file query.pdb (PDB, C-alpha atoms)
ATOM      1  CA  MET A   1      17.187  59.411  73.948
ATOM      2  CA  ARG A   2      15.467  57.519  71.123
ATOM      3  CA  ARG A   3      12.098  58.906  70.112
ATOM      4  CA  GLN A   4      10.208  55.703  70.886
ATOM      5  CA  THR A   5      11.829  55.490  74.330
ATOM      6  CA  ARG A   6      10.785  59.088  74.893
ATOM      7  CA  ARG A   7       7.245  58.189  73.829
ATOM      8  CA  THR A   8       7.105  55.275  76.286
ATOM      9  CA  LEU A   9       8.303  57.625  79.016
ATOM     10  CA  ILE A  10       5.582  60.149  78.142
ATOM     11  CA  GLN A  11       2.977  57.350  78.115
ATOM     12  CA  ALA A  12       4.131  56.166  81.545
ATOM     13  CA  LEU A  13       4.105  59.692  82.950
ATOM     14  CA  ALA A  14       0.627  60.293  81.504
ATOM     15  CA  ALA A  15      -0.677  57.042  83.018
ATOM     16  CA  LEU A  16       0.842  57.907  86.391
ATOM     17  CA  GLY A  17      -0.272  61.531  86.199
ATOM     18  CA  GLN A  18      -3.880  60.549  85.535
ATOM     19  CA  ASN A  19      -3.781  58.072  88.428
ATOM     20  CA  ALA A  20      -1.604  59.909  90.894
ATOM     21  CA  TYR A  21      -3.785  59.473  93.989
ATOM     22  CA  ILE A  22      -1.530  56.745  95.391
ATOM     23  CA  PRO A  23      -3.269  56.343  98.800
ATOM     24  CA  GLY A  24      -6.333  55.067  96.929
ATOM     25  CA  PHE A  25      -4.428  51.949  95.843
ATOM     26  CA  PHE A  26      -3.886  51.028  99.499
ATOM     27  CA  SER A  27      -7.156  52.119 101.055
ATOM     28  CA  GLY A  28      -9.554  51.122  98.253
ATOM     29  CA  VAL A  29     -11.209  54.553  98.542
ATOM     30  CA  ILE A  30     -11.394  56.529  95.308
ATOM     31  CA  PHE A  31     -10.258  60.136  94.948
ATOM     32  CA  GLN A  32     -13.074  62.650  95.425
ATOM     33  CA  GLY A  33     -11.346  65.964  94.755
ATOM     34  CA  LYS A  34     -12.429  68.774  92.440
ATOM     35  CA  SER A  35     -10.108  67.677  89.614
ATOM     36  CA  LYS A  36     -12.722  65.039  88.807
ATOM     37  CA  LEU A  37     -14.663  67.892  87.228
ATOM     38  CA  LEU A  38     -12.273  67.564  84.328
ATOM     39  CA  CYS A  39     -12.278  64.876  81.689
ATOM     40  CA  VAL A  40      -8.945  63.218  81.014
ATOM     41  CA  PRO A  41      -8.094  62.617  77.353
ATOM     42  CA  GLY A  42      -7.660  58.829  77.381
ATOM     43  CA  LEU A  43      -9.613  55.771  78.456
ATOM     44  CA  ASN A  44      -8.993  55.977  82.195
ATOM     45  CA  CYS A  45     -11.743  54.747  84.508
ATOM     46  CA  TYR A  46     -12.914  57.301  87.068
ATOM     47  CA  SER A  47     -13.411  54.509  89.566
ATOM     48  CA  CYS A  48      -9.722  53.625  89.455
ATOM     49  CA  PRO A  49      -8.560  54.222  93.069
ATOM     50  CA  GLY A  50      -5.879  56.598  91.812
ATOM     51  CA  ALA A  51      -7.850  58.477  89.133
ATOM     52  CA  LEU A  52      -7.683  62.249  89.408
ATOM     53  CA  GLY A  53     -10.031  63.002  86.509
ATOM     54  CA  ALA A  54     -13.129  61.685  84.785
ATOM     55  CA  CYS A  55     -13.165  59.221  81.886
ATOM     56  CA  PRO A  56     -14.667  61.003  78.868
ATOM     57  CA  LEU A  57     -16.576  57.940  77.653
ATOM     58  CA  GLY A  58     -18.031  57.153  81.073
ATOM     59  CA  SER A  59     -18.935  60.813  81.562
ATOM     60  CA  LEU A  60     -20.531  61.003  78.111
ATOM     61  CA  GLN A  61     -22.739  57.999  78.826
ATOM     62  CA  ALA A  62     -23.700  59.392  82.234
ATOM     63  CA  ALA A  63     -24.507  62.787  80.715
ATOM     64  CA  LEU A  64     -26.562  61.219  77.904
ATOM     65  CA  GLY A  65     -28.438  59.194  80.497
ATOM     66  CA  ARG A  66     -29.636  62.386  82.186
ATOM     67  CA  ARG A  67     -32.661  62.909  80.039
ATOM     68  CA  GLY A  68     -33.529  66.315  78.686
ATOM     69  CA  SER A  69     -30.066  67.842  78.651
ATOM     70  CA  PHE A  70     -27.531  68.060  75.860
ATOM     71  CA  PRO A  71     -24.117  66.816  77.122
ATOM     72  CA  ALA A  72     -22.363  70.055  76.182
ATOM     73  CA  TYR A  73     -19.571  69.900  78.759
ATOM     74  CA  VAL A  74     -18.334  66.363  78.089
ATOM     75  CA  LEU A  75     -18.824  66.644  74.342
ATOM     76  CA  GLY A  76     -16.926  69.950  74.383
ATOM     77  CA  SER A  77     -14.060  68.340  76.307
ATOM     78  CA  MET A  78     -13.885  65.428  73.885
ATOM     79  CA  LEU A  79     -14.055  67.787  70.921
ATOM     80  CA  LEU A  80     -11.241  69.866  72.419
ATOM     81  CA  PHE A  81      -8.946  66.839  72.750
ATOM     82  CA  GLY A  82     -10.026  65.640  69.317
ATOM     83  CA  VAL A  83      -9.336  68.857  67.446
ATOM     84  CA  LEU A  84      -6.097  69.640  69.300
ATOM     85  CA  LEU A  85      -4.592  66.164  69.421
ATOM     86  CA  GLY A  86      -6.708  63.655  67.482
ATOM     87  CA  ARG A  87      -5.408  60.150  68.016
ATOM     88  CA  LEU A  88      -2.157  61.478  69.419
ATOM     89  CA  VAL A  89      -4.087  60.812  72.644
ATOM     90  CA  CYS A  90      -4.042  57.070  71.799
ATOM     91  CA  GLY A  91      -0.346  57.041  70.995
ATOM     92  CA  PHE A  92       0.871  59.121  73.912
ATOM     93  CA  LEU A  93      -1.700  59.633  76.659
ATOM     94  CA  CYS A  94      -3.909  56.564  77.008
ATOM     95  CA  PRO A  95      -2.930  54.138  79.820
ATOM     96  CA  PHE A  96      -4.628  51.201  78.092
ATOM     97  CA  GLY A  97      -2.669  51.979  74.938
ATOM     98  CA  LEU A  98       0.552  51.869  76.955
ATOM     99  CA  LEU A  99      -0.358  48.464  78.336
ATOM    100  CA  GLN A 100      -0.954  47.090  74.837
ATOM    101  CA  ASP A 101       2.329  48.595  73.611
ATOM    102  CA  LEU A 102       4.201  46.904  76.462
ATOM    103  CA  LEU A 103       2.550  43.555  75.736
ATOM    104  CA  ALA A 104       3.471  43.880  72.061
ATOM    105  CA  ARG A 105       7.137  44.117  73.070
ATOM    106  CA  ILE A 106       7.102  40.565  74.425
ATOM    107  CA  PRO A 107       9.000  38.668  71.737
ATOM    108  CA  LEU A 108       6.321  36.418  70.291
ATOM    109  CA  PRO A 109       5.552  35.937  66.604
ATOM    110  CA  LYS A 110       3.128  38.646  65.481
ATOM    111  CA  VAL A 111       0.035  37.893  63.467
ATOM    112  CA  LYS A 112      -0.790  39.983  60.438
ATOM    113  CA  VAL A 113      -4.565  40.179  60.290
ATOM    114  CA  PRO A 114      -5.755  39.469  56.711
ATOM    115  CA  ARG A 115      -7.047  42.583  54.992
ATOM    116  CA  ARG A 116     -10.505  41.154  54.323
ATOM    117  CA  LEU A 117     -10.936  40.552  58.055
ATOM    118  CA  ASP A 118      -9.080  43.659  59.244
ATOM    119  CA  ARG A 119     -11.151  46.170  57.300
ATOM    120  CA  PRO A 120     -14.626  45.248  58.562
ATOM    121  CA  LEU A 121     -13.301  44.746  62.094
ATOM    122  CA  ARG A 122     -11.941  48.292  62.108
ATOM    123  CA  GLY A 123     -15.472  49.530  61.509
ATOM    124  CA  LEU A 124     -16.592  47.835  64.707
ATOM    125  CA  LYS A 125     -15.336  50.660  66.930
ATOM    126  CA  PHE A 126     -17.475  53.175  65.020
ATOM    127  CA  VAL A 127     -20.488  50.885  65.424
ATOM    128  CA  LEU A 128     -19.724  50.647  69.156
ATOM    129  CA  LEU A 129     -19.480  54.451  69.394
ATOM    130  CA  ALA A 130     -22.902  54.820  67.785
ATOM    131  CA  LEU A 131     -24.392  52.011  69.896
ATOM    132  CA  LEU A 132     -22.985  53.476  73.089
ATOM    133  CA  ILE A 133     -24.692  56.802  72.377
ATOM    134  CA  VAL A 134     -28.027  55.256  71.398
ATOM    135  CA  LEU A 135     -28.099  52.823  74.324
ATOM    136  CA  ALA A 136     -27.049  55.483  76.836
ATOM    137  CA  LEU A 137     -29.983  57.569  75.623
ATOM    138  CA  LEU A 138     -32.454  54.685  75.662
ATOM    139  CA  ARG A 139     -31.424  52.784  78.759
ATOM    140  CA  ALA A 140     -29.817  55.549  80.835
ATOM    141  CA  GLU A 141     -26.924  53.334  81.837
ATOM    142  CA  PRO A 142     -23.273  53.203  80.779
ATOM    143  CA  VAL A 143     -23.593  50.156  78.535
ATOM    144  CA  PHE A 144     -20.005  50.249  77.228
ATOM    145  CA  CYS A 145     -18.557  50.551  80.749
ATOM    146  CA  LYS A 146     -20.830  47.839  82.050
ATOM    147  CA  TYR A 147     -20.415  45.145  79.427
ATOM    148  CA  LEU A 148     -17.187  45.774  77.562
ATOM    149  CA  CYS A 149     -14.719  48.331  78.894
ATOM    150  CA  PRO A 150     -11.536  46.436  79.795
ATOM    151  CA  ALA A 151      -9.954  49.529  81.365
ATOM    152  CA  GLY A 152     -12.761  49.756  83.935
ATOM    153  CA  LEU A 153     -12.222  46.196  85.076
ATOM    154  CA  LEU A 154      -8.440  46.448  85.060
ATOM    155  CA  GLU A 155      -8.144  49.823  86.755
ATOM    156  CA  ALA A 156     -11.177  49.730  89.050
ATOM    157  CA  GLY A 157     -12.769  46.283  89.259
ATOM    158  CA  LEU A 158      -9.664  44.253  89.999
ATOM    159  CA  PRO A 159      -7.985  46.594  92.526
ATOM    160  CA  LEU A 160     -11.163  47.539  94.371
ATOM    161  CA  THR A 161     -12.539  43.999  94.674
ATOM    162  CA  GLY A 162      -9.067  42.925  95.803
ATOM    163  CA  LEU A 163      -8.890  45.613  98.472
ATOM    164  CA  ASN A 164     -12.463  45.603  99.688
ATOM    165  CA  PRO A 165     -14.225  42.337 100.655
ATOM    166  CA  GLN A 166     -17.579  44.097 100.383
ATOM    167  CA  TYR A 167     -17.030  44.602  96.647
ATOM    168  CA  ALA A 168     -15.482  41.166  96.279
ATOM    169  CA  SER A 169     -18.755  39.629  97.457
ATOM    170  CA  LEU A 170     -20.563  41.317  94.535
ATOM    171  CA  ARG A 171     -18.563  39.506  91.870
ATOM    172  CA  GLY A 172     -20.902  37.659  89.564
ATOM    173  CA  PRO A 173     -21.395  36.637  85.924
ATOM    174  CA  LEU A 174     -20.949  40.211  84.730
ATOM    175  CA  PHE A 175     -17.583  40.500  86.458
ATOM    176  CA  TYR A 176     -16.303  37.195  85.139
ATOM    177  CA  GLY A 177     -17.656  37.918  81.660
ATOM    178  CA  LYS A 178     -15.755  41.201  81.596
ATOM    179  CA  LEU A 179     -12.701  39.452  82.991
ATOM    180  CA  GLY A 180     -12.883  37.036  80.052
ATOM    181  CA  ILE A 181     -13.011  39.962  77.620
ATOM    182  CA  LEU A 182     -10.051  41.636  79.336
ATOM    183  CA  VAL A 183      -7.950  38.466  79.258
ATOM    184  CA  LEU A 184      -8.843  37.893  75.606
ATOM    185  CA  ILE A 185      -7.804  41.447  74.667
ATOM    186  CA  LEU A 186      -4.543  41.173  76.594
ATOM    187  CA  LEU A 187      -3.727  37.813  75.008
ATOM    188  CA  LEU A 188      -4.548  39.237  71.587
ATOM    189  CA  ALA A 189      -2.252  42.182  72.302
ATOM    190  CA  LEU A 190       0.638  39.709  72.516
ATOM    191  CA  LEU A 191       0.056  38.678  68.915
ATOM    192  CA  VAL A 192      -1.602  41.680  67.220
ATOM    193  CA  GLU A 193      -0.501  45.238  67.934
ATOM    194  CA  ARG A 194      -3.096  47.394  69.671
ATOM    195  CA  PRO A 195      -6.112  45.139  69.034
ATOM    196  CA  PHE A 196      -8.418  47.120  71.317
ATOM    197  CA  CYS A 197      -7.465  50.460  69.734
ATOM    198  CA  ARG A 198      -7.814  49.025  66.245
ATOM    199  CA  TYR A 199     -11.134  47.283  66.565
ATOM    200  CA  LEU A 200     -13.034  48.154  69.704
ATOM    201  CA  CYS A 201     -12.237  51.523  71.261
ATOM    202  CA  PRO A 202     -15.100  54.019  70.728
ATOM    203  CA  LEU A 203     -12.946  56.835  72.100
ATOM    204  CA  GLY A 204     -10.279  56.097  69.502
ATOM    205  CA  ALA A 205     -13.013  56.064  66.862
ATOM    206  CA  PHE A 206     -14.168  59.510  68.005
ATOM    207  CA  TYR A 207     -10.663  61.001  68.039
ATOM    208  CA  GLY A 208      -9.916  59.376  64.686
ATOM    209  CA  LEU A 209     -12.615  61.543  63.104
ATOM    210  CA  PHE A 210     -10.402  64.557  63.811
ATOM    211  CA  ASN A 211      -7.108  63.208  62.440
ATOM    212  CA  GLY A 212      -7.955  64.736  59.088
ATOM    213  CA  VAL A 213      -9.092  68.154  60.313
ATOM    214  CA  GLY A 214      -7.327  68.722  63.643
ATOM    215  CA  PHE A 215      -4.273  70.819  64.397
ATOM    216  CA  TYR A 216      -1.835  67.921  64.702
ATOM    217  CA  ARG A 217      -1.070  66.675  61.222
ATOM    218  CA  MET A 218       1.382  64.415  59.457
ATOM    219  CA  GLN A 219       2.829  65.193  56.064
ATOM    220  CA  VAL A 220       4.736  63.042  53.625
ATOM    221  CA  SER A 221       7.062  64.743  51.200
ATOM    222  CA  ARG A 222       6.393  63.149  47.806
ATOM    223  CA  ASP A 223       9.763  64.429  46.580
ATOM    224  CA  ARG A 224      11.722  62.698  49.292
ATOM    225  CA  CYS A 225       9.689  59.466  49.509
ATOM    226  CA  VAL A 226      11.280  56.555  47.642
ATOM    227  CA  ARG A 227       8.328  54.214  48.327
ATOM    228  CA  CYS A 228      10.472  51.694  50.163
ATOM    229  CA  GLY A 229       7.457  50.701  52.309
ATOM    230  CA  ARG A 230       9.360  50.712  55.602
ATOM    231  CA  CYS A 231       6.849  53.134  57.151
ATOM    232  CA  ARG A 232       3.986  50.798  56.286
ATOM    233  CA  ASP A 233       5.839  47.763  57.649
ATOM    234  CA  VAL A 234       6.476  49.267  61.095
ATOM    235  CA  CYS A 235       3.036  50.826  61.603
ATOM    236  CA  PRO A 236       1.297  49.195  64.601
ATOM    237  CA  MET A 237      -2.097  50.160  63.163
ATOM    238  CA  ALA A 238      -1.366  48.786  59.672
ATOM    239  CA  VAL A 239      -1.730  52.201  58.043
ATOM    240  CA  ASP A 240       0.144  53.175  54.893
ATOM    241  CA  PRO A 241       1.372  56.680  55.824
ATOM    242  CA  VAL A 242       2.300  57.506  52.231
ATOM    243  CA  GLN A 243      -1.262  56.891  51.047
ATOM    244  CA  THR A 244      -3.125  58.257  54.074
ATOM    245  CA  PRO A 245      -0.853  60.190  56.466
ATOM    246  CA  ASN A 246      -3.884  61.440  58.415
ATOM    247  CA  SER A 247      -5.886  58.221  58.429
ATOM    248  CA  PRO A 248      -8.439  57.925  61.282
ATOM    249  CA  GLU A 249      -6.504  54.817  62.304
ATOM    250  CA  CYS A 250      -3.152  56.562  62.815
ATOM    251  CA  ILE A 251      -2.285  56.867  66.510
ATOM    252  CA  ARG A 252       0.593  59.299  65.809
ATOM    253  CA  CYS A 253       3.182  57.045  67.456
ATOM    254  CA  GLY A 254       5.810  58.275  65.012
ATOM    255  CA  ARG A 255       7.315  54.877  64.234
ATOM    256  CA  CYS A 256       6.918  55.561  60.507
ATOM    257  CA  ARG A 257       8.869  58.799  60.884
ATOM    258  CA  ASP A 258      11.669  56.969  62.702
ATOM    259  CA  ALA A 259      11.788  54.215  60.083
ATOM    260  CA  CYS A 260      11.918  56.539  57.083
ATOM    261  CA  PRO A 261      15.436  56.513  55.585
ATOM    262  CA  ARG A 262      14.800  59.776  53.712
ATOM    263  CA  ASP A 263      13.227  61.803  56.483
ATOM    264  CA  ALA A 264      10.143  62.216  54.282
ATOM    265  CA  ILE A 265       7.581  62.080  57.074
ATOM    266  CA  ARG A 266       6.983  65.082  59.286
ATOM    267  CA  SER A 267       4.423  65.761  61.973
ATOM    268  CA  ALA A 268       3.588  68.989  63.720
ATOM    269  CA  PHE A 269       0.896  71.233  65.107
ATOM    270  CA  ARG A 270      -0.201  73.549  62.354
ATOM    271  CA  GLY A 271      -2.473  76.511  62.889
ATOM    272  CA  LYS A 272      -2.126  78.469  59.657
TER
ATOM    273  CA  MET B 273      -5.370  80.314  55.827
ATOM    274  CA  LYS B 274      -6.240  76.938  54.249
ATOM    275  CA  PRO B 275      -9.903  75.799  54.460
ATOM    276  CA  GLY B 276      -8.881  72.767  56.561
ATOM    277  CA  ARG B 277      -7.271  75.046  59.136
ATOM    278  CA  ARG B 278     -10.356  77.218  59.220
ATOM    279  CA  ALA B 279     -12.415  74.119  60.063
ATOM    280  CA  ALA B 280      -9.963  73.261  62.869
ATOM    281  CA  TRP B 281     -10.256  76.736  64.373
ATOM    282  CA  ALA B 282     -14.053  76.593  64.060
ATOM    283  CA  LEU B 283     -14.121  73.235  65.853
ATOM    284  CA  LEU B 284     -11.836  74.604  68.555
ATOM    285  CA  GLY B 285     -14.211  77.523  69.044
ATOM    286  CA  LEU B 286     -17.167  75.138  69.198
ATOM    287  CA  ALA B 287     -15.383  72.942  71.767
ATOM    288  CA  ILE B 288     -14.590  75.903  74.017
ATOM    289  CA  GLY B 289     -18.147  77.196  73.600
ATOM    290  CA  LEU B 290     -19.627  73.842  74.588
ATOM    291  CA  ILE B 291     -17.359  73.613  77.639
ATOM    292  CA  VAL B 292     -18.318  77.120  78.765
ATOM    293  CA  VAL B 293     -22.044  76.456  78.257
ATOM    294  CA  GLY B 294     -21.740  73.085  80.006
ATOM    295  CA  ALA B 295     -19.863  74.584  82.943
ATOM    296  CA  ALA B 296     -22.347  77.468  83.222
ATOM    297  CA  THR B 297     -25.350  75.131  83.265
ATOM    298  CA  GLY B 298     -23.946  72.911  85.997
ATOM    299  CA  GLN B 299     -23.014  69.945  83.794
ATOM    300  CA  ALA B 300     -19.417  70.054  85.003
ATOM    301  CA  LEU B 301     -20.666  69.554  88.564
ATOM    302  CA  ALA B 302     -22.818  66.664  87.380
ATOM    303  CA  THR B 303     -19.672  65.087  85.902
ATOM    304  CA  LEU B 304     -17.943  65.565  89.240
ATOM    305  CA  ARG B 305     -20.847  63.949  91.080
ATOM    306  CA  LYS B 306     -20.703  60.934  88.758
ATOM    307  CA  ALA B 307     -16.934  60.614  88.974
ATOM    308  CA  ILE B 308     -16.537  60.769  92.752
ATOM    309  CA  TYR B 309     -18.786  57.783  93.441
ATOM    310  CA  ILE B 310     -17.620  54.284  92.700
ATOM    311  CA  CYS B 311     -19.144  53.094  89.442
ATOM    312  CA  LEU B 312     -20.206  49.506  90.034
ATOM    313  CA  GLU B 313     -21.001  48.982  86.356
ATOM    314  CA  CYS B 314     -17.463  50.020  85.385
ATOM    315  CA  MET B 315     -16.104  47.465  87.858
ATOM    316  CA  GLY B 316     -18.288  44.741  86.394
ATOM    317  CA  LEU B 317     -20.315  44.411  89.598
ATOM    318  CA  GLY B 318     -24.057  44.123  89.774
ATOM    319  CA  THR B 319     -26.448  42.433  87.424
TER
END

call {"tool": "encode", "arguments": {"input": "query.pdb", "output": "structure tokens"}}
result
Amino acid sequence: MRRQTRRTLIQALAALGQNAYIPGFFSGVIFQGKSKLLCVPGLNCYSCPGALGACPLGSLQAALGRRGSFPAYVLGSMLLFGVLLGRLVCGFLCPFGLLQDLLARIPLPKVKVPRRLDRPLRGLKFVLLALLIVLALLRAEPVFCKYLCPAGLLEAGLPLTGLNPQYASLRGPLFYGKLGILVLILLLALLVERPFCRYLCPLGAFYGLFNGVGFYRMQVSRDRCVRCGRCRDVCPMAVDPVQTPNSPECIRCGRCRDACPRDAIRSAFRGK
Amino acid sequence: MKPGRRAAWALLGLAIGLIVVGAATGQALATLRKAIYICLECMGLGT
């Protein structure tokens, strides 16, 4: 099996595994078992009818909103995923990442975002991460979930309002505003690879901080590399793996490794 | 061991420590309580 096919399979299994409470999709009642104690690694809304675990970003905002306590548990969980996997989570375990990857496969001409626009936009996700923390502390509400998170609307808002007329009656400007954002991101994903992960995802920004220090690392052999640039051309995050193999932007999808004609790129968990 | 690896192991220790402290102080149960109720904000409902 090709490595990218294997990755898609792992992504699909991860998405299904994190949302395996199938009866919820028919009844409109969310899962309430003990596994929701645990944070899942990716952006997966805990109000999704099938969700078995808790979204780390939603949990972080809720924990920060409880005044007077340091969010040790959620922060520890996020740190654990970050240091063990880094943005491998984005490339392999995040359901919203899978959706964007599938949309990118639709054969439409792809847009290469100009560097002078791409660079500042990439910083936006770090700004959102900081804002999310500050606003959760100040306003005690999950601001990112409420106003921006497309996964929440897709996984929870749309199925639950479709299944339950009581929720459907609560649709208002906020719902339609978020729907607009979701549609925009999905349309963008047809033309630009992983636009949400590149520019907007605060969870990706957090995990990206650990790409350089975590256990999962990429290495480029300078002896083998012939600087053909194929790795850079296939990268969905527009990273140059030869220059920065452990860039905070790298989602560890491994496309660069597959494209390398000299087998110069390696990735592995390294503890020593 | 390289310094970078030492930092990774230190962060791993910190992560496990935070999880243990959080679980011991009831924060894990607070996460559960948040996650088992439907989050209207996440769904884009409300004002």

call {"tool": "resolve_selection", "arguments": {"input": "query.pdb", "expression": "the PyMOL selection byres ((chain A and resi 89) around 10)", "output": "list in words"}}
result
Gln11, Val40, Pro41, Gly42, Leu43, Phe81, Gly82, Leu84, Leu85, Gly86, Arg87, Leu88, Cys90, Gly91, Phe92, Leu93, Cys94, Pro95, Gly97, Leu203, Gly204, Tyr207, Gly208, Ile251, Arg252 and Cys253 of chain A

call {"tool": "resolve_selection", "arguments": {"input": "query.pdb", "expression": "the PyMOL selection byres ((chain B) within 6 of (chain A))", "output": "PDB file with C-alpha atoms, keeping the file's coordinate frame"}}
result
ATOM      1  CA  MET B 273      -5.370  80.314  55.827  1.00  0.00           C
ATOM      2  CA  GLY B 276      -8.881  72.767  56.561  1.00  0.00           C
ATOM      3  CA  ALA B 280      -9.963  73.261  62.869  1.00  0.00           C
ATOM      4  CA  ALA B 287     -15.383  72.942  71.767  1.00  0.00           C
ATOM      5  CA  LEU B 290     -19.627  73.842  74.588  1.00  0.00           C
ATOM      6  CA  ILE B 291     -17.359  73.613  77.639  1.00  0.00           C
ATOM      7  CA  GLY B 294     -21.740  73.085  80.006  1.00  0.00           C
ATOM      8  CA  ALA B 300     -19.417  70.054  85.003  1.00  0.00           C
ATOM      9  CA  THR B 303     -19.672  65.087  85.902  1.00  0.00           C
ATOM     10  CA  LEU B 304     -17.943  65.565  89.240  1.00  0.00           C
ATOM     11  CA  ALA B 307     -16.934  60.614  88.974  1.00  0.00           C
ATOM     12  CA  ILE B 308     -16.537  60.769  92.752  1.00  0.00           C
ATOM     13  CA  ILE B 310     -17.620  54.284  92.700  1.00  0.00           C
ATOM     14  CA  CYS B 311     -19.144  53.094  89.442  1.00  0.00           C
ATOM     15  CA  GLU B 313     -21.001  48.982  86.356  1.00  0.00           C
ATOM     16  CA  CYS B 314     -17.463  50.020  85.385  1.00  0.00           C
ATOM     17  CA  MET B 315     -16.104  47.465  87.858  1.00  0.00           C
ATOM     18  CA  GLY B 316     -18.288  44.741  86.394  1.00  0.00           C
ATOM     19  CA  LEU B 317     -20.315  44.411  89.598  1.00  0.00           C
TER      20      LEU B 317
END

call {"tool": "atom_distance", "arguments": {"input": "query.pdb", "atom1": "atom CA of Val192 of chain A", "atom2": "atom CA of Lys112 of chain A"}}
result
7.0 Å

call {"tool": "atom_distance", "arguments": {"input": "query.pdb", "atom1": "atom CA of Arg262 of chain A", "atom2": "atom CA of Pro236 of chain A"}}
result
20.3 Å

call {"tool": "resolve_selection", "arguments": {"input": "query.pdb", "expression": "the PyMOL selection byres ((chain A and resi 187) around 12)", "output": "tab-separated table (two decimals) with C-alpha atoms, keeping the file's coordinate frame"}}
result
chain	number	residue	atom	x	y	z
A	99	LEU	CA	-0.36	48.46	78.34
A	100	GLN	CA	-0.95	47.09	74.84
A	103	LEU	CA	2.55	43.56	75.74
A	104	ALA	CA	3.47	43.88	72.06
A	106	ILE	CA	7.10	40.56	74.42
A	108	LEU	CA	6.32	36.42	70.29
A	110	LYS	CA	3.13	38.65	65.48
A	180	GLY	CA	-12.88	37.04	80.05
A	181	ILE	CA	-13.01	39.96	77.62
A	182	LEU	CA	-10.05	41.64	79.34
A	183	VAL	CA	-7.95	38.47	79.26
A	184	LEU	CA	-8.84	37.89	75.61
A	185	ILE	CA	-7.80	41.45	74.67
A	186	LEU	CA	-4.54	41.17	76.59
A	188	LEU	CA	-4.55	39.24	71.59
A	189	ALA	CA	-2.25	42.18	72.30
A	190	LEU	CA	0.64	39.71	72.52
A	191	LEU	CA	0.06	38.68	68.92
A	192	VAL	CA	-1.60	41.68	67.22
A	193	GLU	CA	-0.50	45.24	67.93
A	194	ARG	CA	-3.10	47.39	69.67
A	195	PRO	CA	-6.11	45.14	69.03
A	196	PHE	CA	-8.42	47.12	71.32

call {"tool": "closest_residue", "arguments": {"input": "query.pdb", "among": "A:Leu138, A:Leu129, A:Leu16, A:Arg217", "to": "Phe96 of chain A", "atoms": "all atoms listed in the file"}}
result
A:Leu16

call {"tool": "atom_distance", "arguments": {"input": "query.pdb", "atom1": "atom CA of Arg2 of chain A", "atom2": "atom CA of Gly50 of chain A"}}
result
29.7 Å

call {"tool": "residues_around", "arguments": {"input": "query.pdb", "residues": "Pro202 of chain A", "least_positions_apart": "6", "cutoff": "7 Å", "atoms": "only C-alpha atoms", "output": "MDAnalysis selection string"}}
result
chainID A and resid 125:126 128:129

call {"tool": "write_last_selection", "arguments": {"input": "query.pdb", "atoms": "C-alpha atoms", "output": "PDB file, in the coordinates of the input"}}
result
ATOM      1  CA  LYS A 125     -15.336  50.660  66.930  1.00  0.00           C
ATOM      2  CA  PHE A 126     -17.475  53.175  65.020  1.00  0.00           C
ATOM      3  CA  LEU A 128     -19.724  50.647  69.156  1.00  0.00           C
ATOM      4  CA  LEU A 129     -19.480  54.451  69.394  1.00  0.00           C
TER       5      LEU A 129
END

call {"tool": "build_atoms", "arguments": {"input": "query.pdb", "residues": "segment 307-317 of chain B", "atoms": "N, CA and C atoms", "output": "compact mmCIF listing (two decimals), keeping the file's coordinate frame"}}
result
# COMPACT_ATOMS: atom_id res chain seq x y z
N ALA B 307 -18.30 61.15 88.90
CA ALA B 307 -16.93 60.61 88.97
C ALA B 307 -16.43 60.37 90.39
N ILE B 308 -17.07 60.97 91.39
CA ILE B 308 -16.54 60.77 92.75
C ILE B 308 -17.17 59.58 93.46
N TYR B 309 -18.21 58.99 92.85
CA TYR B 309 -18.79 57.78 93.44
C TYR B 309 -18.31 56.57 92.66
N ILE B 310 -18.10 55.50 93.37
CA ILE B 310 -17.62 54.28 92.70
C ILE B 310 -18.68 53.79 91.72
N CYS B 311 -18.23 53.54 90.51
CA CYS B 311 -19.14 53.09 89.44
C CYS B 311 -19.12 51.57 89.42
N LEU B 312 -20.17 50.97 89.95
CA LEU B 312 -20.21 49.51 90.03
C LEU B 312 -20.25 48.86 88.65
N GLU B 313 -20.94 49.52 87.72
CA GLU B 313 -21.00 48.98 86.36
C GLU B 313 -19.61 48.91 85.74
N CYS B 314 -18.82 49.98 85.94
CA CYS B 314 -17.46 50.02 85.38
C CYS B 314 -16.63 48.86 85.93
N MET B 315 -16.87 48.53 87.21
CA MET B 315 -16.10 47.46 87.86
C MET B 315 -16.60 46.08 87.47
N GLY B 316 -17.72 46.04 86.78
CA GLY B 316 -18.29 44.74 86.39
C GLY B 316 -19.07 44.11 87.54
N LEU B 317 -19.54 44.95 88.48
CA LEU B 317 -20.32 44.41 89.60
C LEU B 317 -21.79 44.72 89.37
